[in-house]
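Peer 1: Here it is: the structure, laid out below.
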Amino acid sequence: MKFNIATIPGDGIGPEVIEETILVLNKIGEIYGHEFSFQEVLAGGIAIDKTGKPLPEETVEVCKNSDAVLLGAVGGPKWDTLPGDQRPEKALLGLRGALGLYANLRPAVLYTALKEASPLRSDIVEQGIDICVVRELTGGIYFGERGRKKEGKMGEEAYDTEAYSVGEVERIARTAFEIAMKRDKRVTSVDKANILESSRLWRSVVVEVAKDYPEVALDHMYVDNAAMQLIRYPQQFDVIVTSNMFGDILSDEASMLTGSIGMLPSASLAEGNLGMYEPIHGSAPDIAGENKANPIATILSAAMMLRYSLQLDKEAQVIEEAVIKVLEKNYRTGDIMSKGMTLVGTQEMGKLIVGEL
Ligand code: ATP
Ligand code: MG
């Protein structure tokens, strides 16, 4: 099969980690008889420098007409003094909107080879961690009505409102159940239904959607309890589905259980098969251009791309297994380095993973 992939290397370490990821995908194509056609486009700081805008129209057009988008990272100190609406990070928001990316998937996986990086107790870590947070991305309090009122009880007031429609909740819930079907068939819906009306609607819609997935076990948890349970006993979770704001917080919390920012991929999905895939880390300007960046988060993002946008489950799994094999052979980039391990650079890490496919 032939697939068109838009690549956005972006800024800082972005181009370095994308380069290794393309090598991995090309090798997968060679092994399994797929053709990946990459079209590189501009976004972020480099786009500002070359076109004056963080997200040129051409980039949006190319991404819309692709099977999937693979992004490195955007931003850096060079553009930090620009006004908010001209910053490189605006490109991400722009792409979310233009591509209709409504679901953000953030897996938090703790590899046993890297268990010393986790801040959790060793008896918890021994059991491994494999959670996927599914965050609603285009609704809720981040997009609700907001404003200021001159007169309040104690002076000027500010407000932000959370609104969710049945359709919005249904869509994200369905995504979560579909993902659970490919995993351990457990969904925890996180809300604050003891207080918030939007959470009560959320909960009732999730219960309805669950009826279409009788094989999946559903439970509900209040967000304060979920924050606590993630630290206390993360193994109780498989898929967590939650609102935009709760998901923002819980996905950061879940990812830090693994202790390795350079290892964590993410996906943002639109209706249909289109998705955007990127590492959770930023552009890491402190190590850019030094062949030090860990490319694994981006390579694992490409594996998610194969699974969720291109329906190539087997190929995705082969990439994930190659990463594990390289870790088990004790190769490490600087960010995951520990005593007795072999330190390698970005390009060596890429080659090692290609070699294990
Ligand atoms: P942003 O605002 O883009 O999120 P940030 O500075 O908050 O940027 P990162 O760019 O993710 O966050 O960097 C945080 C730290 O983690 C830095 O010290 C960086 O060098 C390190 N880091 C991030 N990604 C990687 C990676 N892939 N490999 C090695 N180190 C990394
Ligand atoms: Mg940051």
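Each chain in the structure tokens gets a letter, A, B and so on, in the order shown; residues start at 1 in every chain, and ligands are counted from 1 in the order they appear.
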Hey, which bits of chain A sit within 12 Å of ligand 2, and for each residue what's the closest pair of atoms and how far apart in Å (one decimal), counting only C-alpha atoms and all ligand atoms, rows by chain and increasing number, as a Markdown table?

Peer 2:
| residue | atom | partner | partner_atom_place_in_ligand_line | distance |
| --- | --- | --- | --- | --- |
| A:Ala73 | CA | ligand 2 | 1 (Mg) | 10.8 |
| A:Val74 | CA | ligand 2 | 1 (Mg) | 10.8 |
| A:Gly75 | CA | ligand 2 | 1 (Mg) | 9.9 |
| A:Gly76 | CA | ligand 2 | 1 (Mg) | 10.4 |
| A:Glu89 | CA | ligand 2 | 1 (Mg) | 10.6 |
| A:Asp252 | CA | ligand 2 | 1 (Mg) | 10.5 |
| A:Ile261 | CA | ligand 2 | 1 (Mg) | 10.7 |
| A:Pro279 | CA | ligand 2 | 1 (Mg) | 11.9 |
| A:Ile280 | CA | ligand 2 | 1 (Mg) | 9.0 |
| A:His281 | CA | ligand 2 | 1 (Mg) | 7.2 |
| A:Gly282 | CA | ligand 2 | 1 (Mg) | 6.0 |
| A:Ser283 | CA | ligand 2 | 1 (Mg) | 8.9 |
| A:Ala284 | CA | ligand 2 | 1 (Mg) | 9.1 |
| A:Pro285 | CA | ligand 2 | 1 (Mg) | 11.4 |

Peer 1: Counting only C-alpha atoms, what is within 6 Å of range 109-126 of chain A, bar same-chain residues fewer than 5 positions away, as a PyMOL selection string?

Peer 2: chain A and resi 257-259+328

Peer 1: Residues of range 79-282 of chain A in strand (DSSP E) according to DSSP, as an MDAnalysis selection string?

Peer 2: chainID A and resid 103:110 129:136 146:149 157:160 186:191 217:222 239:242 265:269 275:279

Peer 1: Mind dumping a table of every chain A residue within 10 Å of ligand 1, with the nearest atom pair and its distance in Å to one decimal, using only C-alpha atoms and all ligand atoms, sorted by chain and rising number, as a tab-separated table?

Peer 2:
residue	atom	partner	partner_atom_place_in_ligand_line	distance
A:Asp11	CA	ligand 1	3 (O)	9.3
A:Gly12	CA	ligand 1	10 (O)	8.2
A:Ile13	CA	ligand 1	27 (N)	7.3
A:Gly14	CA	ligand 1	27 (N)	8.6
A:Glu16	CA	ligand 1	27 (N)	9.5
A:Val17	CA	ligand 1	27 (N)	7.4
A:Gly72	CA	ligand 1	27 (N)	9.5
A:Ala73	CA	ligand 1	3 (O)	6.8
A:Val74	CA	ligand 1	3 (O)	6.4
A:Gly75	CA	ligand 1	3 (O)	5.7
A:Gly76	CA	ligand 1	3 (O)	6.8
A:Pro77	CA	ligand 1	6 (O)	9.2
A:Asp80	CA	ligand 1	2 (O)	9.8
A:Pro88	CA	ligand 1	3 (O)	9.6
A:Glu89	CA	ligand 1	3 (O)	8.1
A:Ser260	CA	ligand 1	31 (C)	8.7
A:Ile261	CA	ligand 1	24 (N)	5.9
A:Gly262	CA	ligand 1	27 (N)	3.9
A:Met263	CA	ligand 1	27 (N)	7.1
A:Leu264	CA	ligand 1	27 (N)	8.8
A:Pro279	CA	ligand 1	27 (N)	7.8
A:Ile280	CA	ligand 1	11 (O)	7.2
A:His281	CA	ligand 1	11 (O)	3.6
A:Gly282	CA	ligand 1	3 (O)	3.2
A:Ser283	CA	ligand 1	10 (O)	4.2
A:Ala284	CA	ligand 1	10 (O)	3.3
A:Pro285	CA	ligand 1	10 (O)	6.4
A:Asp286	CA	ligand 1	20 (O)	5.3
A:Ile287	CA	ligand 1	20 (O)	5.4
A:Ala288	CA	ligand 1	20 (O)	8.0
A:Asn291	CA	ligand 1	28 (N)	9.5
A:Lys292	CA	ligand 1	29 (C)	6.5
A:Ala293	CA	ligand 1	28 (N)	3.7
A:Asn294	CA	ligand 1	28 (N)	3.7
A:Pro295	CA	ligand 1	27 (N)	5.7
A:Ile296	CA	ligand 1	27 (N)	7.2
A:Ala297	CA	ligand 1	27 (N)	6.6
A:Thr298	CA	ligand 1	27 (N)	7.9
A:Thr333	CA	ligand 1	29 (C)	7.2
A:Gly334	CA	ligand 1	29 (C)	6.5
A:Asp335	CA	ligand 1	29 (C)	4.8
A:Ile336	CA	ligand 1	29 (C)	7.9
A:Gly345	CA	ligand 1	28 (N)	9.7
A:Thr346	CA	ligand 1	28 (N)	8.3

Peer 1: Select, from A:Ile319, A:Leu25, A:Val187, A:Leu101, the residue with the minimum atom-to-atom distance to Ala173 in chain A, counting only C-alpha atoms.

Peer 2: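 Closest candidate: A:Val187.
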
Peer 1: Taking into account only C-alpha atoms, which residue in the set A:Gly340, A:Gly139, A:Pro9, A:Gly52 is nearest to Ser198 in chain A?

Peer 2: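 Checking each of A:Gly340, A:Gly139, A:Pro9, A:Gly52 against Ser198 in chain A, counting only C-alpha atoms, the winner is A:Gly139.
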
Peer 1: Which one of A:Arg307, A:Arg232, A:Gly275, A:Ile299 sits closest to Met349 in chain A if you count only C-alpha atoms?

Peer 2: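 Of the candidates, the smallest distance to Met349 in chain A is held by A:Ile299.
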
Peer 1: When you look at Leu357 in chain A with a cut-off of 12 Å (counting only C-alpha atoms), what residues show up, excluding the ones that are within fewer than 3 positions of it in the same chain? I need them as a ChimeraX atom specification.

Peer 2: /A:23-32,314-326,350-354

Peer 1: What's the separation between CA of Asn4 in chain A and CA of Glu168 in chain A, in Å to one decimal place?

Peer 2: 28.8 Å

Peer 1: Taking the chain letters and numbering used in this document, name the residues of range 113-334 of chain A that DSSP puts in helix (DSSP H, G or I), as a ChimeraX atom specification.

Peer 2: /A:113-117,122-125,140-142,166-181,197-210,223-232,234-236,244-256,261-263,285-287,296-308,313-328,334

Peer 1: Quick check, in Å to one decimal: how far apart do CA of Ala254 in chain A and CA of Pro107 in chain A lie?

Peer 2: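 Calculated distance between CA of Ala254 in chain A and CA of Pro107 in chain A is 8.4 Å.
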
Peer 1: Could you check which of A:Val206, A:Ile8, A:Ile195, A:Ile46 is closest to Tyr222 in chain A, using only C-alpha atoms?

Peer 2: A:Ile195

Peer 1: Have a look at CA of Met221 in chain A and CA of Glu145 in chain A and let me know their distance in Å, one decimal.

Peer 2: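 Taking CA of Met221 in chain A and CA of Glu145 in chain A, their separation equals 26.4 Å.
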
Peer 1: Within 12 Å of Arg183 in chain A, counting only C-alpha atoms, which residues show up once you throw out same-chain ones fewer than 6 positions away? Write them as number ranges by chain, please.

Peer 2: A: 107, 130-132, 176-177, 215-217, 237-239, 307, 313

Peer 1: Would you please work out which residue, of A:Met304, A:Ala47, A:Met341, A:Val134, is nearest to Gly10 in chain A when using only C-alpha atoms?

Peer 2: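 Looking only at the distances to Gly10 in chain A, the closest residue turns out to be A:Ala47.
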